[in-house]
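Student: The following block contains the structure, expressed as structure tokens.
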Amino acid sequence: TQSTWGENSGLPSMPPAQNVLEDLIQRVDGLDAVFVSDKDGVQIVEAISPSASIDPNTLKFVPTFTFGSEQASKLHMGKNQSIISFFDSCIVVHYLLSPLVVTFVLQPNGNVGAISALFPAVASAIQPLHEAVTDV
């Protein structure tokens with residue numbers, strides 16, 4: 001079924017970004033989920049590993065991350081681009097592509113370096129979405 005996204009809506013089609021996120025889930029060991037949301041945590045696109053058990057509270061971090069990122073940027077060290085949080089049950093990596101936030105949820109032994117290396121490809125894949133949200 002056609003949702004609000006697609007050719008007739010004036011917004012970009014979602015499959016390319018969705019496909020990239022799903023491919024990441026398959027390729028990166030220990031990656032349980034990838035979410036693209038707005039700065040308030042409203043989810044736009046997601047990919048979740050079938051074997052993952054994601055805590056529903058995970059996305060509640062997004063507004064906090066956005067605020068923390070803005071505050072970190074005030075440290076006169078340049079603009080903050082990401083924050084990595086290590087928990088007993090998972091690793092959460094947030095990247096800010098204002099007004100979007102890309103959140104990666106990894107298992108405790110997940111490879112944060114792989115996420116960092118692959119992020120430019122993710123950013124490119126969601127660029128049409130970023131442009132559409134920025135123009136709204």
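By convention here, the chains of the structure tokens are called A, B, ... in the order presented, each chain's residues are numbered starting at 1, and ligands are numbered starting at 1 in the order presented.
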What lies within 12 Å of A:Ile54 using only C-alpha atoms, ignoring chain neighbours under 3 positions off, as a list in words?
Tutor: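 Once the adjacent positions are removed, what remains is Leu31, Asp32, Ala33, Val34, Phe35, Glu46, Ala47, Ile48, Ser49, Pro50, Ser51, Asn57, Thr58, Leu59, Ser89, Cys90, Ile91, Val92, Phe104, Val105, Leu106 and Gln107 of chain A.
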Student: As an MDAnalysis selection string, please: every residue in chain A that DSSP puts in strand (DSSP E or B).
Tutor: chainID A and resid 6 11 31:38 43:48 82:86 91:97 100:106
Student: Store the residues of this selection in a file with N, CA and C atoms, as an mmCIF file, in the first residue's frame.
Tutor:
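File produced: again-v9.cif:
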```
data_model
loop_
_atom_site.group_PDB
_atom_site.id
_atom_site.type_symbol
_atom_site.label_atom_id
_atom_site.label_comp_id
_atom_site.auth_asym_id
_atom_site.auth_seq_id
_atom_site.Cartn_x
_atom_site.Cartn_y
_atom_site.Cartn_z
ATOM 1 N N GLY A 6 6.055 8.983 -1.304
ATOM 2 C CA GLY A 6 6.061 8.441 -2.651
ATOM 3 C C GLY A 6 5.854 9.492 -3.714
ATOM 4 N N LEU A 11 7.008 14.032 -1.649
ATOM 5 C CA LEU A 11 8.109 13.635 -0.772
ATOM 6 C C LEU A 11 8.857 12.488 -1.430
ATOM 7 N N LEU A 31 24.594 -5.136 15.185
ATOM 8 C CA LEU A 31 23.694 -4.005 14.981
ATOM 9 C C LEU A 31 22.260 -4.511 15.041
ATOM 10 N N ASP A 32 21.514 -4.042 16.035
ATOM 11 C CA ASP A 32 20.141 -4.494 16.225
ATOM 12 C C ASP A 32 19.115 -3.620 15.515
ATOM 13 N N ALA A 33 19.377 -2.318 15.427
ATOM 14 C CA ALA A 33 18.368 -1.443 14.831
ATOM 15 C C ALA A 33 18.983 -0.127 14.383
ATOM 16 N N VAL A 34 18.321 0.487 13.396
ATOM 17 C CA VAL A 34 18.657 1.832 12.944
ATOM 18 C C VAL A 34 17.333 2.575 12.816
ATOM 19 N N PHE A 35 17.281 3.750 13.409
ATOM 20 C CA PHE A 35 16.089 4.586 13.346
ATOM 21 C C PHE A 35 16.467 5.945 12.782
ATOM 22 N N VAL A 36 15.626 6.488 11.924
ATOM 23 C CA VAL A 36 15.753 7.868 11.481
ATOM 24 C C VAL A 36 14.512 8.568 12.011
ATOM 25 N N SER A 37 14.734 9.634 12.765
ATOM 26 C CA SER A 37 13.619 10.353 13.368
ATOM 27 C C SER A 37 13.871 11.848 13.286
ATOM 28 N N ASP A 38 12.856 12.606 13.641
ATOM 29 C CA ASP A 38 13.077 14.039 13.729
ATOM 30 C C ASP A 38 13.652 14.352 15.109
ATOM 31 N N GLN A 43 9.513 8.966 14.721
ATOM 32 C CA GLN A 43 10.191 8.028 13.844
ATOM 33 C C GLN A 43 9.717 8.175 12.405
ATOM 34 N N ILE A 44 10.688 8.204 11.474
ATOM 35 C CA ILE A 44 10.379 8.362 10.056
ATOM 36 C C ILE A 44 10.654 7.071 9.306
ATOM 37 N N VAL A 45 11.773 6.451 9.601
ATOM 38 C CA VAL A 45 12.154 5.203 8.937
ATOM 39 C C VAL A 45 12.904 4.352 9.959
ATOM 40 N N GLU A 46 12.801 3.045 9.846
ATOM 41 C CA GLU A 46 13.500 2.158 10.772
ATOM 42 C C GLU A 46 13.859 0.854 10.088
ATOM 43 N N ALA A 47 14.860 0.203 10.648
ATOM 44 C CA ALA A 47 15.206 -1.167 10.274
ATOM 45 C C ALA A 47 15.599 -1.858 11.561
ATOM 46 N N ILE A 48 14.976 -2.985 11.837
ATOM 47 C CA ILE A 48 15.219 -3.708 13.081
ATOM 48 C C ILE A 48 15.531 -5.158 12.749
ATOM 49 N N SER A 82 27.878 13.719 16.929
ATOM 50 C CA SER A 82 27.354 12.442 17.414
ATOM 51 C C SER A 82 27.638 12.276 18.898
ATOM 52 N N ILE A 83 26.854 11.403 19.491
ATOM 53 C CA ILE A 83 27.051 11.030 20.886
ATOM 54 C C ILE A 83 26.888 9.521 20.971
ATOM 55 N N ILE A 84 27.788 8.876 21.683
ATOM 56 C CA ILE A 84 27.745 7.429 21.874
ATOM 57 C C ILE A 84 27.497 7.160 23.346
ATOM 58 N N SER A 85 26.492 6.330 23.633
ATOM 59 C CA SER A 85 26.154 5.972 25.012
ATOM 60 C C SER A 85 26.306 4.468 25.182
ATOM 61 N N PHE A 86 27.062 4.081 26.187
ATOM 62 C CA PHE A 86 27.282 2.666 26.485
ATOM 63 C C PHE A 86 26.441 2.286 27.702
ATOM 64 N N ILE A 91 24.513 -0.464 23.152
ATOM 65 C CA ILE A 91 25.234 0.768 22.812
ATOM 66 C C ILE A 91 24.301 1.555 21.903
ATOM 67 N N VAL A 92 24.133 2.838 22.198
ATOM 68 C CA VAL A 92 23.283 3.691 21.374
ATOM 69 C C VAL A 92 24.163 4.793 20.794
ATOM 70 N N VAL A 93 24.143 4.899 19.465
ATOM 71 C CA VAL A 93 24.922 5.908 18.760
ATOM 72 C C VAL A 93 23.948 6.829 18.037
ATOM 73 N N HIS A 94 24.010 8.107 18.364
ATOM 74 C CA HIS A 94 23.158 9.103 17.719
ATOM 75 C C HIS A 94 24.018 9.994 16.836
ATOM 76 N N TYR A 95 23.547 10.233 15.618
ATOM 77 C CA TYR A 95 24.170 11.203 14.713
ATOM 78 C C TYR A 95 23.141 12.278 14.417
ATOM 79 N N LEU A 96 23.571 13.523 14.464
ATOM 80 C CA LEU A 96 22.692 14.634 14.162
ATOM 81 C C LEU A 96 22.883 15.085 12.723
ATOM 82 N N LEU A 97 21.810 15.033 11.954
ATOM 83 C CA LEU A 97 21.752 15.588 10.599
ATOM 84 C C LEU A 97 20.555 16.539 10.613
ATOM 85 N N LEU A 100 17.152 15.948 11.255
ATOM 86 C CA LEU A 100 17.013 14.511 11.481
ATOM 87 C C LEU A 100 18.043 14.002 12.477
ATOM 88 N N VAL A 101 17.684 12.917 13.144
ATOM 89 C CA VAL A 101 18.605 12.203 14.023
ATOM 90 C C VAL A 101 18.621 10.749 13.559
ATOM 91 N N VAL A 102 19.816 10.204 13.383
ATOM 92 C CA VAL A 102 19.973 8.803 13.019
ATOM 93 C C VAL A 102 20.490 8.082 14.257
ATOM 94 N N THR A 103 19.749 7.069 14.701
ATOM 95 C CA THR A 103 20.083 6.338 15.919
ATOM 96 C C THR A 103 20.392 4.890 15.574
ATOM 97 N N PHE A 104 21.549 4.423 16.010
ATOM 98 C CA PHE A 104 21.960 3.032 15.845
ATOM 99 C C PHE A 104 21.925 2.373 17.220
ATOM 100 N N VAL A 105 21.326 1.194 17.304
ATOM 101 C CA VAL A 105 21.292 0.443 18.550
ATOM 102 C C VAL A 105 22.074 -0.846 18.318
ATOM 103 N N LEU A 106 23.139 -0.995 19.083
ATOM 104 C CA LEU A 106 24.013 -2.154 18.939
ATOM 105 C C LEU A 106 23.971 -3.014 20.200
#
```
Student: So how many Å separate atom CA of A:Val28 and atom CA of A:Ala123, to one decimal?
Tutor: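 It comes out at 16.5 Å.
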Student: Taking the DSSP assignment computed from this structure's backbone, write out as number ranges by chain all residues of chain A that belong to alpha helix (DSSP H).
Tutor: A: 15-27, 61-72, 112-125, 127-135
Student: Counting only C-alpha atoms, figure out which residue out of A:His130, A:Phe67, A:Val122, A:Asn111 gets nearest to A:Asn19.
Tutor: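 For A:Asn19, the nearest of the candidates is A:Val122.
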Student: Nearest to A:Ile25: which of A:Asn80, A:Lys39, A:Ala114, A:Thr64 is it, counting only C-alpha atoms?
Tutor: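 Comparing A:Asn80, A:Lys39, A:Ala114, A:Thr64 against A:Ile25, the winner is A:Ala114.
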Student: From the options A:Ala125, A:Ala117, A:Val42, A:Val112, which residue's atoms come nearest to A:Leu21, counting only C-alpha atoms?
Tutor: A:Ala125
Student: So, counting only C-alpha atoms, which residue among A:Asp40, A:Glu70, A:Asp29, A:Asp135 is closest to A:Ile115?
Tutor: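 Using only C-alpha atoms, the shortest distance to A:Ile115 belongs to A:Asp29.
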Student: Which residue, A:Pro99, A:Lys60, A:Ala52, A:Glu22, has the smallest gap to A:Ala132 when you use only C-alpha atoms?
Tutor: A:Pro99
Student: So the first atom is atom CA of A:Val133 and the second is atom CA of A:Gly41; what is the distance between them in Å, to one decimal place?
Tutor: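 The value is 13.8 Å.
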Student: Just to confirm, what's the straight-line distance from atom CA of A:Leu75 to atom CA of A:Ser124 in Å (one decimal)?
Tutor: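 Atom CA of A:Ser124 lies at a distance of 28.0 Å from atom CA of A:Leu75.
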Student: With only C-alpha atoms as the basis for distance, which of A:Leu24, A:Gln18, A:Gly30, A:Thr134 is at the shortest distance from A:Phe119?
Tutor: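 Closest residue, counting only C-alpha atoms: A:Leu24.
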